[in-house]
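Enquirer: This is the content of target.pdb (PDB, C-alpha atoms):
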MODEL        1
ATOM      1  CA  MET B   1     -22.956   5.338 -62.345  1.00  0.00           C
ATOM      2  CA  SER B   2     -24.162   2.923 -64.991  1.00  0.00           C
ATOM      3  CA  ALA B   3     -22.409  -0.364 -65.719  1.00  0.00           C
ATOM      4  CA  VAL B   4     -22.394   0.486 -69.413  1.00  0.00           C
ATOM      5  CA  LEU B   5     -21.979   3.644 -71.484  1.00  0.00           C
ATOM      6  CA  LEU B   6     -25.376   5.202 -72.021  1.00  0.00           C
ATOM      7  CA  TRP B   7     -26.473   7.568 -74.783  1.00  0.00           C
ATOM      8  CA  HIS B   8     -26.734  10.297 -72.154  1.00  0.00           C
ATOM      9  CA  ASP B   9     -23.051   9.849 -71.314  1.00  0.00           C
ATOM     10  CA  PHE B  10     -21.839  11.000 -74.739  1.00  0.00           C
ATOM     11  CA  GLN B  11     -20.879  14.639 -75.099  1.00  0.00           C
ATOM     12  CA  PRO B  12     -20.346  15.947 -78.647  1.00  0.00           C
ATOM     13  CA  GLY B  13     -16.770  17.097 -79.081  1.00  0.00           C
ATOM     14  CA  GLN B  14     -15.536  14.941 -76.237  1.00  0.00           C
ATOM     15  CA  SER B  15     -12.438  12.814 -76.734  1.00  0.00           C
ATOM     16  CA  LEU B  16     -13.134   9.238 -75.695  1.00  0.00           C
ATOM     17  CA  GLY B  17      -9.608   7.909 -75.834  1.00  0.00           C
ATOM     18  CA  GLU B  18      -7.120   6.196 -78.093  1.00  0.00           C
ATOM     19  CA  ILE B  19      -5.572   2.827 -78.627  1.00  0.00           C
ATOM     20  CA  THR B  20      -2.508   1.613 -80.517  1.00  0.00           C
ATOM     21  CA  GLN B  21      -2.418  -1.745 -82.257  1.00  0.00           C
ATOM     22  CA  VAL B  22       0.078  -3.378 -84.574  1.00  0.00           C
ATOM     23  CA  PHE B  23      -1.049  -4.681 -87.953  1.00  0.00           C
ATOM     24  CA  ASP B  24       0.457  -8.143 -87.721  1.00  0.00           C
ATOM     25  CA  THR B  25       0.582 -11.354 -89.719  1.00  0.00           C
ATOM     26  CA  GLU B  26      -2.418 -12.807 -87.858  1.00  0.00           C
ATOM     27  CA  HIS B  27      -4.595 -10.029 -89.254  1.00  0.00           C
ATOM     28  CA  SER B  28      -3.454 -10.827 -92.769  1.00  0.00           C
ATOM     29  CA  ALA B  29      -3.952 -14.541 -92.172  1.00  0.00           C
ATOM     30  CA  ALA B  30      -7.536 -13.975 -90.985  1.00  0.00           C
ATOM     31  CA  TRP B  31      -8.346 -11.775 -93.976  1.00  0.00           C
ATOM     32  CA  GLN B  32      -6.806 -14.251 -96.415  1.00  0.00           C
ATOM     33  CA  GLN B  33      -8.703 -17.121 -94.791  1.00  0.00           C
ATOM     34  CA  ILE B  34     -11.912 -15.338 -95.766  1.00  0.00           C
ATOM     35  CA  PHE B  35     -11.010 -13.752 -99.082  1.00  0.00           C
ATOM     36  CA  GLY B  36      -8.135 -15.825-100.402  1.00  0.00           C
ATOM     37  CA  SER B  37      -4.630 -14.892-101.418  1.00  0.00           C
ATOM     38  CA  THR B  38      -3.589 -11.410-102.450  1.00  0.00           C
ATOM     39  CA  VAL B  39      -1.772 -12.314-105.647  1.00  0.00           C
ATOM     40  CA  ASP B  40      -3.981  -9.875-107.559  1.00  0.00           C
ATOM     41  CA  GLY B  41      -3.006  -6.980-105.312  1.00  0.00           C
ATOM     42  CA  LYS B  42      -2.763  -5.812-101.749  1.00  0.00           C
ATOM     43  CA  ALA B  43      -5.100  -2.842-101.725  1.00  0.00           C
ATOM     44  CA  ALA B  44      -8.282  -4.741-100.856  1.00  0.00           C
ATOM     45  CA  GLU B  45      -6.543  -6.454 -97.961  1.00  0.00           C
ATOM     46  CA  GLY B  46      -4.931  -3.241 -96.738  1.00  0.00           C
ATOM     47  CA  ALA B  47      -8.175  -1.290 -96.939  1.00  0.00           C
ATOM     48  CA  SER B  48      -9.980  -4.070 -95.077  1.00  0.00           C
ATOM     49  CA  ILE B  49      -7.304  -4.091 -92.383  1.00  0.00           C
ATOM     50  CA  ALA B  50      -7.704  -0.320 -92.037  1.00  0.00           C
ATOM     51  CA  VAL B  51     -11.446  -0.769 -91.447  1.00  0.00           C
ATOM     52  CA  ALA B  52     -10.754  -3.629 -89.029  1.00  0.00           C
ATOM     53  CA  MET B  53      -8.331  -1.412 -87.091  1.00  0.00           C
ATOM     54  CA  MET B  54     -10.968   1.298 -86.968  1.00  0.00           C
ATOM     55  CA  MET B  55     -13.411  -1.205 -85.476  1.00  0.00           C
ATOM     56  CA  ARG B  56     -10.798  -2.478 -83.035  1.00  0.00           C
ATOM     57  CA  GLY B  57     -10.153   1.096 -82.006  1.00  0.00           C
ATOM     58  CA  TYR B  58     -13.830   1.823 -81.434  1.00  0.00           C
ATOM     59  CA  LEU B  59     -14.426  -1.431 -79.551  1.00  0.00           C
ATOM     60  CA  GLY B  60     -11.292  -1.008 -77.450  1.00  0.00           C
ATOM     61  CA  VAL B  61     -12.005   2.572 -76.443  1.00  0.00           C
ATOM     62  CA  VAL B  62     -15.778   2.780 -76.168  1.00  0.00           C
ATOM     63  CA  THR B  63     -16.479   0.172 -73.550  1.00  0.00           C
ATOM     64  CA  PRO B  64     -18.480  -1.243 -71.857  1.00  0.00           C
ATOM     65  CA  ARG B  65     -21.310  -0.958 -74.369  1.00  0.00           C
ATOM     66  CA  PRO B  66     -24.920  -1.962 -73.898  1.00  0.00           C
ATOM     67  CA  PRO B  67     -25.990  -5.039 -75.856  1.00  0.00           C
ATOM     68  CA  GLY B  68     -28.030  -4.395 -78.959  1.00  0.00           C
ATOM     69  CA  ASN B  69     -26.245  -1.448 -80.564  1.00  0.00           C
ATOM     70  CA  VAL B  70     -26.741  -1.266 -84.338  1.00  0.00           C
ATOM     71  CA  HIS B  71     -24.157  -0.013 -86.845  1.00  0.00           C
ATOM     72  CA  ALA B  72     -26.345   2.093 -89.124  1.00  0.00           C
ATOM     73  CA  ARG B  73     -23.956   4.034 -91.333  1.00  0.00           C
ATOM     74  CA  GLN B  74     -20.232   4.196 -91.987  1.00  0.00           C
ATOM     75  CA  ARG B  75     -18.309   7.067 -93.487  1.00  0.00           C
ATOM     76  CA  PHE B  76     -14.696   6.178 -94.092  1.00  0.00           C
ATOM     77  CA  THR B  77     -11.819   7.953 -95.784  1.00  0.00           C
ATOM     78  CA  LEU B  78      -8.770   5.879 -96.577  1.00  0.00           C
ATOM     79  CA  HIS B  79      -5.694   8.091 -96.844  1.00  0.00           C
ATOM     80  CA  ALA B  80      -3.054   5.384 -97.140  1.00  0.00           C
ATOM     81  CA  LEU B  81      -2.796   1.636 -96.802  1.00  0.00           C
ATOM     82  CA  PRO B  82      -1.380   0.381 -93.516  1.00  0.00           C
ATOM     83  CA  ALA B  83       1.808  -1.644 -93.752  1.00  0.00           C
ATOM     84  CA  GLN B  84       2.257  -4.972 -92.038  1.00  0.00           C
ATOM     85  CA  GLY B  85       4.161  -4.429 -88.803  1.00  0.00           C
ATOM     86  CA  GLU B  86       2.995  -0.828 -88.545  1.00  0.00           C
ATOM     87  CA  ALA B  87       1.698   0.433 -85.205  1.00  0.00           C
ATOM     88  CA  ILE B  88      -1.655   2.112 -85.805  1.00  0.00           C
ATOM     89  CA  ARG B  89      -2.982   4.633 -83.354  1.00  0.00           C
ATOM     90  CA  THR B  90      -6.744   5.150 -83.390  1.00  0.00           C
ATOM     91  CA  GLU B  91      -8.298   8.131 -81.634  1.00  0.00           C
ATOM     92  CA  VAL B  92     -12.014   8.136 -80.921  1.00  0.00           C
ATOM     93  CA  SER B  93     -14.229  11.099 -80.122  1.00  0.00           C
ATOM     94  CA  CYS B  94     -17.925  11.858 -80.038  1.00  0.00           C
ATOM     95  CA  ALA B  95     -18.880  13.790 -83.180  1.00  0.00           C
ATOM     96  CA  GLY B  96     -22.552  14.185 -82.269  1.00  0.00           C
ATOM     97  CA  LYS B  97     -25.726  12.588 -81.060  1.00  0.00           C
ATOM     98  CA  GLU B  98     -29.416  12.976 -81.739  1.00  0.00           C
ATOM     99  CA  ILE B  99     -32.750  11.279 -81.391  1.00  0.00           C
ATOM    100  CA  LYS B 100     -34.551  10.424 -84.629  1.00  0.00           C
ATOM    101  CA  ARG B 101     -37.793   8.501 -84.806  1.00  0.00           C
ATOM    102  CA  GLU B 102     -37.401   7.579 -81.123  1.00  0.00           C
ATOM    103  CA  ARG B 103     -33.965   6.059 -81.779  1.00  0.00           C
ATOM    104  CA  ARG B 104     -30.815   7.235 -80.036  1.00  0.00           C
ATOM    105  CA  TYR B 105     -28.057   7.918 -82.550  1.00  0.00           C
ATOM    106  CA  VAL B 106     -24.398   8.489 -81.710  1.00  0.00           C
ATOM    107  CA  ASP B 107     -21.761   9.555 -84.245  1.00  0.00           C
ATOM    108  CA  LEU B 108     -18.224   8.569 -83.297  1.00  0.00           C
ATOM    109  CA  GLN B 109     -15.265  10.101 -85.090  1.00  0.00           C
ATOM    110  CA  VAL B 110     -12.252   7.838 -85.511  1.00  0.00           C
ATOM    111  CA  ARG B 111      -8.848   8.831 -86.791  1.00  0.00           C
ATOM    112  CA  GLY B 112      -6.080   6.366 -87.541  1.00  0.00           C
ATOM    113  CA  THR B 113      -2.418   7.281 -87.894  1.00  0.00           C
ATOM    114  CA  GLY B 114       0.605   5.126 -88.531  1.00  0.00           C
ATOM    115  CA  THR B 115       4.362   5.491 -88.390  1.00  0.00           C
ATOM    116  CA  ASP B 116       5.499   9.057 -87.675  1.00  0.00           C
ATOM    117  CA  GLY B 117       1.865  10.088 -87.506  1.00  0.00           C
ATOM    118  CA  ARG B 118       1.121   9.499 -91.166  1.00  0.00           C
ATOM    119  CA  PRO B 119      -2.647   9.656 -91.752  1.00  0.00           C
ATOM    120  CA  LEU B 120      -4.194   6.285 -92.570  1.00  0.00           C
ATOM    121  CA  TYR B 121      -7.923   6.787 -92.146  1.00  0.00           C
ATOM    122  CA  ASP B 122     -10.713   8.934 -90.820  1.00  0.00           C
ATOM    123  CA  GLY B 123     -14.212   7.715 -90.254  1.00  0.00           C
ATOM    124  CA  VAL B 124     -17.529   8.314 -88.623  1.00  0.00           C
ATOM    125  CA  LEU B 125     -19.445   5.397 -87.169  1.00  0.00           C
ATOM    126  CA  SER B 126     -23.143   6.157 -86.883  1.00  0.00           C
ATOM    127  CA  LEU B 127     -24.622   3.871 -84.268  1.00  0.00           C
ATOM    128  CA  ILE B 128     -28.097   3.346 -82.907  1.00  0.00           C
ATOM    129  CA  TRP B 129     -27.312   3.204 -79.205  1.00  0.00           C
ATOM    130  CA  ALA B 130     -29.340   0.644 -77.320  1.00  0.00           C
ATOM    131  CA  ALA B 131     -29.573   2.334 -73.930  1.00  0.00           C
TER     132      ALA B 131
ATOM    133  CA  MET Q   1     -14.500   3.318-120.108  1.00  0.00           C
ATOM    134  CA  ILE Q   2     -15.359   1.198-117.099  1.00  0.00           C
ATOM    135  CA  THR Q   3     -18.890   1.900-115.910  1.00  0.00           C
ATOM    136  CA  SER Q   4     -19.549  -1.004-113.570  1.00  0.00           C
ATOM    137  CA  LEU Q   5     -17.517  -2.700-110.883  1.00  0.00           C
ATOM    138  CA  HIS Q   6     -16.321  -6.260-111.170  1.00  0.00           C
ATOM    139  CA  PRO Q   7     -18.844  -8.346-109.221  1.00  0.00           C
ATOM    140  CA  VAL Q   8     -17.500 -10.409-106.346  1.00  0.00           C
ATOM    141  CA  ALA Q   9     -19.281 -12.859-104.064  1.00  0.00           C
ATOM    142  CA  LEU Q  10     -18.797 -14.347-100.629  1.00  0.00           C
ATOM    143  CA  ALA Q  11     -20.628 -17.215 -98.938  1.00  0.00           C
ATOM    144  CA  VAL Q  12     -21.168 -16.080 -95.344  1.00  0.00           C
ATOM    145  CA  THR Q  13     -20.701 -19.138 -93.170  1.00  0.00           C
ATOM    146  CA  MET Q  14     -20.274 -19.232 -89.404  1.00  0.00           C
ATOM    147  CA  ASP Q  15     -16.598 -19.963 -90.033  1.00  0.00           C
ATOM    148  CA  VAL Q  16     -16.329 -16.736 -92.035  1.00  0.00           C
ATOM    149  CA  ILE Q  17     -18.085 -14.784 -89.282  1.00  0.00           C
ATOM    150  CA  ARG Q  18     -15.848 -16.262 -86.575  1.00  0.00           C
ATOM    151  CA  THR Q  19     -12.719 -15.507 -88.592  1.00  0.00           C
ATOM    152  CA  TYR Q  20     -13.857 -11.930 -89.158  1.00  0.00           C
ATOM    153  CA  ALA Q  21     -14.479 -11.683 -85.390  1.00  0.00           C
ATOM    154  CA  VAL Q  22     -10.803 -12.558 -84.887  1.00  0.00           C
ATOM    155  CA  LEU Q  23      -9.779  -9.887 -87.385  1.00  0.00           C
ATOM    156  CA  THR Q  24     -11.811  -7.169 -85.688  1.00  0.00           C
ATOM    157  CA  ASP Q  25     -11.659  -8.555 -82.139  1.00  0.00           C
ATOM    158  CA  ASP Q  26     -15.451  -8.293 -82.124  1.00  0.00           C
ATOM    159  CA  PHE Q  27     -16.915 -11.372 -80.454  1.00  0.00           C
ATOM    160  CA  ASN Q  28     -20.337  -9.891 -79.784  1.00  0.00           C
ATOM    161  CA  PRO Q  29     -22.592 -12.940 -79.263  1.00  0.00           C
ATOM    162  CA  ILE Q  30     -25.034 -11.624 -81.864  1.00  0.00           C
ATOM    163  CA  HIS Q  31     -22.304 -12.544 -84.358  1.00  0.00           C
ATOM    164  CA  VAL Q  32     -20.740 -15.687 -82.940  1.00  0.00           C
ATOM    165  CA  ASP Q  33     -23.182 -17.398 -80.546  1.00  0.00           C
ATOM    166  CA  PRO Q  34     -26.110 -19.049 -82.364  1.00  0.00           C
ATOM    167  CA  ALA Q  35     -27.909 -19.932 -79.120  1.00  0.00           C
ATOM    168  CA  PHE Q  36     -27.757 -16.346 -77.884  1.00  0.00           C
ATOM    169  CA  ALA Q  37     -28.559 -14.846 -81.271  1.00  0.00           C
ATOM    170  CA  ALA Q  38     -31.667 -16.993 -81.528  1.00  0.00           C
ATOM    171  CA  THR Q  39     -33.064 -15.226 -78.457  1.00  0.00           C
ATOM    172  CA  THR Q  40     -32.650 -11.739 -79.970  1.00  0.00           C
ATOM    173  CA  PRO Q  41     -34.952  -9.885 -82.373  1.00  0.00           C
ATOM    174  CA  MET Q  42     -32.521 -10.877 -85.162  1.00  0.00           C
ATOM    175  CA  GLY Q  43     -33.399 -14.521 -84.557  1.00  0.00           C
ATOM    176  CA  GLY Q  44     -29.955 -15.780 -85.550  1.00  0.00           C
ATOM    177  CA  CYS Q  45     -26.321 -14.899 -86.026  1.00  0.00           C
ATOM    178  CA  ILE Q  46     -25.615 -11.919 -88.243  1.00  0.00           C
ATOM    179  CA  ALA Q  47     -22.330 -10.966 -89.852  1.00  0.00           C
ATOM    180  CA  HIS Q  48     -20.373  -7.897 -88.834  1.00  0.00           C
ATOM    181  CA  GLY Q  49     -21.416  -4.928 -90.973  1.00  0.00           C
ATOM    182  CA  THR Q  50     -17.878  -4.165 -92.017  1.00  0.00           C
ATOM    183  CA  LEU Q  51     -17.477  -7.657 -93.483  1.00  0.00           C
ATOM    184  CA  SER Q  52     -19.612  -6.340 -96.324  1.00  0.00           C
ATOM    185  CA  ILE Q  53     -17.303  -3.340 -96.662  1.00  0.00           C
ATOM    186  CA  ALA Q  54     -14.375  -5.741 -97.031  1.00  0.00           C
ATOM    187  CA  LEU Q  55     -16.200  -7.345 -99.953  1.00  0.00           C
ATOM    188  CA  LEU Q  56     -16.764  -3.909-101.476  1.00  0.00           C
ATOM    189  CA  TRP Q  57     -13.034  -3.200-101.356  1.00  0.00           C
ATOM    190  CA  GLN Q  58     -12.526  -6.395-103.342  1.00  0.00           C
ATOM    191  CA  SER Q  59     -14.929  -5.234-106.018  1.00  0.00           C
ATOM    192  CA  LEU Q  60     -13.450  -1.725-106.185  1.00  0.00           C
ATOM    193  CA  PHE Q  61      -9.798  -2.675-106.352  1.00  0.00           C
ATOM    194  CA  ARG Q  62     -10.266  -5.691-108.585  1.00  0.00           C
ATOM    195  CA  THR Q  63     -11.902  -3.323-111.058  1.00  0.00           C
ATOM    196  CA  LEU Q  64      -9.786  -0.217-110.671  1.00  0.00           C
ATOM    197  CA  GLY Q  65      -6.455  -1.652-109.560  1.00  0.00           C
ATOM    198  CA  ASP Q  66      -4.332  -1.115-106.486  1.00  0.00           C
ATOM    199  CA  ASN Q  67      -3.224   2.324-107.637  1.00  0.00           C
ATOM    200  CA  ALA Q  68      -6.780   3.533-107.118  1.00  0.00           C
ATOM    201  CA  ALA Q  69      -6.065   3.411-103.397  1.00  0.00           C
ATOM    202  CA  GLY Q  70      -4.520   6.858-103.081  1.00  0.00           C
ATOM    203  CA  ARG Q  71      -7.522   8.242-101.280  1.00  0.00           C
ATOM    204  CA  VAL Q  72     -10.952   6.672-101.018  1.00  0.00           C
ATOM    205  CA  ASP Q  73     -14.058   8.246 -99.540  1.00  0.00           C
ATOM    206  CA  LEU Q  74     -16.686   5.669 -98.720  1.00  0.00           C
ATOM    207  CA  ASP Q  75     -20.147   6.393 -97.325  1.00  0.00           C
ATOM    208  CA  VAL Q  76     -22.435   3.411 -96.814  1.00  0.00           C
ATOM    209  CA  ARG Q  77     -25.588   2.575 -94.942  1.00  0.00           C
ATOM    210  CA  PHE Q  78     -26.267  -0.842 -93.495  1.00  0.00           C
ATOM    211  CA  VAL Q  79     -29.844  -1.314 -94.621  1.00  0.00           C
ATOM    212  CA  LYS Q  80     -30.428  -4.981 -93.808  1.00  0.00           C
ATOM    213  CA  PRO Q  81     -28.649  -7.563 -91.662  1.00  0.00           C
ATOM    214  CA  VAL Q  82     -26.579 -10.310 -93.230  1.00  0.00           C
ATOM    215  CA  TYR Q  83     -27.365 -13.723 -91.795  1.00  0.00           C
ATOM    216  CA  ALA Q  84     -25.086 -16.715 -91.633  1.00  0.00           C
ATOM    217  CA  GLY Q  85     -25.894 -18.825 -94.672  1.00  0.00           C
ATOM    218  CA  ASP Q  86     -26.422 -15.864 -96.981  1.00  0.00           C
ATOM    219  CA  THR Q  87     -24.322 -15.298-100.083  1.00  0.00           C
ATOM    220  CA  LEU Q  88     -23.220 -11.722-100.616  1.00  0.00           C
ATOM    221  CA  HIS Q  89     -22.609 -10.056-103.960  1.00  0.00           C
ATOM    222  CA  ALA Q  90     -20.797  -6.714-104.194  1.00  0.00           C
ATOM    223  CA  GLY Q  91     -20.649  -4.338-107.119  1.00  0.00           C
ATOM    224  CA  GLY Q  92     -21.452  -0.867-108.296  1.00  0.00           C
ATOM    225  CA  GLU Q  93     -22.004   1.545-111.133  1.00  0.00           C
ATOM    226  CA  LEU Q  94     -20.258   4.735-112.201  1.00  0.00           C
ATOM    227  CA  LEU Q  95     -22.184   7.905-111.424  1.00  0.00           C
ATOM    228  CA  PRO Q  96     -22.051  11.217-113.293  1.00  0.00           C
ATOM    229  CA  GLY Q  97     -19.166  13.154-111.761  1.00  0.00           C
ATOM    230  CA  GLY Q  98     -16.943  10.150-111.239  1.00  0.00           C
ATOM    231  CA  SER Q  99     -18.208   8.660-107.990  1.00  0.00           C
ATOM    232  CA  TRP Q 100     -19.431   5.101-107.772  1.00  0.00           C
ATOM    233  CA  ALA Q 101     -22.780   3.909-106.503  1.00  0.00           C
ATOM    234  CA  VAL Q 102     -21.814   0.821-104.529  1.00  0.00           C
ATOM    235  CA  TRP Q 103     -23.877  -1.984-103.070  1.00  0.00           C
ATOM    236  CA  VAL Q 104     -23.733  -5.333-101.392  1.00  0.00           C
ATOM    237  CA  ARG Q 105     -26.725  -7.591-101.970  1.00  0.00           C
ATOM    238  CA  GLY Q 106     -27.778 -10.889-100.494  1.00  0.00           C
ATOM    239  CA  GLY Q 107     -28.752 -14.077-102.228  1.00  0.00           C
ATOM    240  CA  ASP Q 108     -32.280 -12.683-102.550  1.00  0.00           C
ATOM    241  CA  ALA Q 109     -30.878  -9.747-104.614  1.00  0.00           C
ATOM    242  CA  MET Q 110     -31.997  -7.279-101.945  1.00  0.00           C
ATOM    243  CA  ASP Q 111     -29.610  -4.595-100.722  1.00  0.00           C
ATOM    244  CA  ARG Q 112     -27.640  -5.224 -97.555  1.00  0.00           C
ATOM    245  CA  ILE Q 113     -25.529  -2.079 -97.802  1.00  0.00           C
ATOM    246  CA  THR Q 114     -25.710   0.813-100.241  1.00  0.00           C
ATOM    247  CA  GLY Q 115     -23.713   3.980-100.665  1.00  0.00           C
ATOM    248  CA  THR Q 116     -21.091   5.801-102.660  1.00  0.00           C
ATOM    249  CA  ALA Q 117     -17.360   5.621-103.152  1.00  0.00           C
ATOM    250  CA  ARG Q 118     -15.045   8.250-104.558  1.00  0.00           C
ATOM    251  CA  LEU Q 119     -11.483   7.334-105.420  1.00  0.00           C
ATOM    252  CA  ALA Q 120      -8.510   9.540-106.109  1.00  0.00           C
ATOM    253  CA  PRO Q 121      -5.731   7.453-107.602  1.00  0.00           C
ATOM    254  CA  SER Q 122      -2.194   7.242-106.340  1.00  0.00           C
ATOM    255  CA  LYS Q 123       0.965   6.146-108.091  1.00  0.00           C
ATOM    256  CA  GLU Q 124       2.424   4.558-105.028  1.00  0.00           C
ATOM    257  CA  LEU Q 125       1.141   2.185-102.411  1.00  0.00           C
ATOM    258  CA  ALA Q 126       2.138   2.214 -98.773  1.00  0.00           C
TER     259      ALA Q 126
ENDMDL
END
Translate the structure described by the file into structure tokens.

Expert:
Amino acid sequence: MSAVLLWHDFQPGQSLGEITQVFDTEHSAAWQQIFGSTVDGKAAEGASIAVAMMMRGYLGVVTPRPPGNVHARQRFTLHALPAQGEAIRTEVSCAGKEIKRERRYVDLQVRGTGTDGRPLYDGVLSLIWAA
Amino acid sequence: MITSLHPVALAVTMDVIRTYAVLTDDFNPIHVDPAFAATTPMGGCIAHGTLSIALLWQSLFRTLGDNAAGRVDLDVRFVKPVYAGDTLHAGGELLPGGSWAVWVRGGDAMDRITGTARLAPSKELA
């Protein structure tokens, strides 16, 4: 067995796991440290937090990864803005994989839901897998 | 009729990259360790790809307002890495049919990410 997840290990359709994280004040503080206050509106912050939670979900579930993976494409549907204090469950599955121009591509489907299962986001990370 | 997105900019410093690493819990050394990154084909620290998406959200919602956030379909490709020290500019143009061509460009005016966004407005935010 390999020490890291290899391209060969991914099976399209396979569930890879899920993780639940709470959108807390530290997330907002980090976002505001980069982009400033949200006096003009909360949507940009909320949408960014949704993407950050998607990434946290992917990184928390799909591990250990080989060094050198490249994020090539991102499809992302925002259904609703997450609320501060909301527990966000992210499920990750393998949507597909292929080899193009000698590069190993993996598509990972992510789905985020909040309180009472309300849909927050769906996405597909297209990654060039390093090994 | 609005046909272009409000341009927004962000200076990508190592502090910004480290703070975004906290937000995403992504401390990959290619992002946060200059000594390690220098040994890779990238030759230096690069920002997380989704940092550029965060800048795109700023451009979209500053232009269209928070109520545009009912449902958003975003499809972007990361076409070039963003290095620490770069200054990003995000914007976009309205396409026939109502979608937006969106982009994030570096200080050299070359694309870093490109794609499309489609927004269906909502009257209420979460």

Enquirer: At what distance in Å, to one decimal, does CA of Asp111 in chain Q lie from CA of Leu95 in chain Q?

Expert: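 Pair CA of Leu95 in chain Q / CA of Asp111 in chain Q returns 18.1 Å.
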
Enquirer: Excluding same-chain residues fewer than 2 positions from Ala69 in chain Q, what lies within 12 Å of it counting all atoms listed in the file, as a VMD selection string?

Expert: (chain B and resid 41 to 48 77 to 82 120 to 121) or (chain Q and resid 57 to 58 60 to 67 71 to 74 117 to 126)

Enquirer: List as a list in words the protein and nucleic acid residues near Tyr58 in chain B, meaning an atom at most 10 Å away when all atoms listed in the file are counted, but skip any in the same chain fewer than 2 places from it.

Expert: Leu16, Gly17, Glu18, Ile19, Ala52, Met53, Met54, Met55, Arg56, Gly60, Val61, Val62, Thr63, Thr90, Glu91, Val92, Ser93, Leu108, Gln109, Val110 and Leu125 of chain B

Enquirer: For this file, the PyMOL selection byres ((chain B and resi 25) around 12) selects which residues, as a ChimeraX atom specification?

Expert: /B:22-24,26-32,45,49,83-86 /Q:23

Enquirer: I'd like the residues picked by the PyMOL selection byres ((chain Q and resi 49-51) around 9) written out as a ChimeraX atom specification, using the chain letters and numbers from the file.

Expert: /B:48,51-52,55,71-72,74 /Q:17,20,46-48,52-56,78,81-82,113

Enquirer: Take the residues just selected and output them with C-alpha atoms as an mmCIF file, in the frame of the given file.

Expert:
data_model
loop_
_atom_site.group_PDB
_atom_site.id
_atom_site.type_symbol
_atom_site.label_atom_id
_atom_site.label_comp_id
_atom_site.auth_asym_id
_atom_site.auth_seq_id
_atom_site.Cartn_x
_atom_site.Cartn_y
_atom_site.Cartn_z
ATOM 1 C CA SER B 48 -9.980 -4.070 -95.077
ATOM 2 C CA VAL B 51 -11.446 -0.769 -91.447
ATOM 3 C CA ALA B 52 -10.754 -3.629 -89.029
ATOM 4 C CA MET B 55 -13.411 -1.205 -85.476
ATOM 5 C CA HIS B 71 -24.157 -0.013 -86.845
ATOM 6 C CA ALA B 72 -26.345 2.093 -89.124
ATOM 7 C CA GLN B 74 -20.232 4.196 -91.987
ATOM 8 C CA ILE Q 17 -18.085 -14.784 -89.282
ATOM 9 C CA TYR Q 20 -13.857 -11.930 -89.158
ATOM 10 C CA ILE Q 46 -25.615 -11.919 -88.243
ATOM 11 C CA ALA Q 47 -22.330 -10.966 -89.852
ATOM 12 C CA HIS Q 48 -20.373 -7.897 -88.834
ATOM 13 C CA SER Q 52 -19.612 -6.340 -96.324
ATOM 14 C CA ILE Q 53 -17.303 -3.340 -96.662
ATOM 15 C CA ALA Q 54 -14.375 -5.741 -97.031
ATOM 16 C CA LEU Q 55 -16.200 -7.345 -99.953
ATOM 17 C CA LEU Q 56 -16.764 -3.909 -101.476
ATOM 18 C CA PHE Q 78 -26.267 -0.842 -93.495
ATOM 19 C CA PRO Q 81 -28.649 -7.563 -91.662
ATOM 20 C CA VAL Q 82 -26.579 -10.310 -93.230
ATOM 21 C CA ILE Q 113 -25.529 -2.079 -97.802
#

Enquirer: Work out how far CA of Pro12 in chain B is from CA of Lys97 in chain B, in Å to one decimal.

Expert: 6.8 Å

Enquirer: Would you mind telling me which residue in B:Gly13, B:Ile88, B:Arg101, B:Leu6 lies nearest to Thr115 in chain B when using only C-alpha atoms?

Expert: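 Comparing B:Gly13, B:Ile88, B:Arg101, B:Leu6 against Thr115 in chain B, the winner is B:Ile88.
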
Enquirer: To one decimal place, how far is CA of Arg89 in chain B from CA of Arg111 in chain B in Å?

Expert: 8.0 Å

Enquirer: Please check which residues have atoms at most 10 Å from (-18.0, -8.1, -77.4) in the file's coordinates, counting only C-alpha atoms, and write them as JSON, numbers by chain.

Expert: {"B": [59, 60, 63, 64, 65, 66, 67], "Q": [21, 25, 26, 27, 28, 29, 30, 31, 32]}

Enquirer: Report the centre and edge lengths, in Å to one decimal, of an axis-aligned box enclosing every atom of range 76-93 of chain B listed in the file, padded by 3 Å on each side, as JSON.

Expert:
{"center_x": -5.3, "center_y": 3.1, "center_z": -88.6, "size_x": 24.9, "size_y": 22.1, "size_z": 23.0}

Enquirer: When you count all atoms listed in the file, which of these residues is closest to chain B: Q:Val76, Q:Ala38, Q:Leu5, Q:Val102?

Expert: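 Comparing Q:Val76, Q:Ala38, Q:Leu5, Q:Val102 against chain B, the winner is Q:Val76.
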
Enquirer: Distance cut-off 6 Å, centre (-21.6, 15.0, -85.3) in file coordinates, counting only C-alpha atoms: which residues qualify? Return them as an mmCIF file with C-alpha atoms, keeping the file's coordinate frame.

Expert:
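See out.cif below for the written result:
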data_model
loop_
_atom_site.group_PDB
_atom_site.id
_atom_site.type_symbol
_atom_site.label_atom_id
_atom_site.label_comp_id
_atom_site.auth_asym_id
_atom_site.auth_seq_id
_atom_site.Cartn_x
_atom_site.Cartn_y
_atom_site.Cartn_z
ATOM 1 C CA ALA B 95 -18.880 13.790 -83.180
ATOM 2 C CA GLY B 96 -22.552 14.185 -82.269
ATOM 3 C CA ASP B 107 -21.761 9.555 -84.245
#

Enquirer: Using only C-alpha atoms, which residue out of B:Ile99, B:Val124, B:Val4, B:Ala87 lies closest to chain Q?

Expert: B:Val124

Enquirer: Taking only C-alpha atoms into account, name the residue in B:Gly117, B:Gly57, B:Ala130, B:Ala3 that is nearest to Arg103 in chain B.

Expert: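 With only C-alpha atoms as the atom set, the closest residue is B:Ala130.
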
Enquirer: Which neighbours of Ser4 in chain Q fall inside 9 Å, counting only C-alpha atoms, when residues of the same chain fewer than 5 positions from it are skipped, and could you give them as a compact mmCIF listing (two decimals) with C-alpha atoms, keeping the file's coordinate frame?

Expert:
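Result went into part-v4.txt, see below:
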# COMPACT_ATOMS: atom_id res chain seq x y z
CA THR Q 63 -11.90 -3.32 -111.06
CA GLY Q 91 -20.65 -4.34 -107.12
CA GLY Q 92 -21.45 -0.87 -108.30
CA GLU Q 93 -22.00 1.54 -111.13
CA LEU Q 94 -20.26 4.74 -112.20
CA TRP Q 100 -19.43 5.10 -107.77
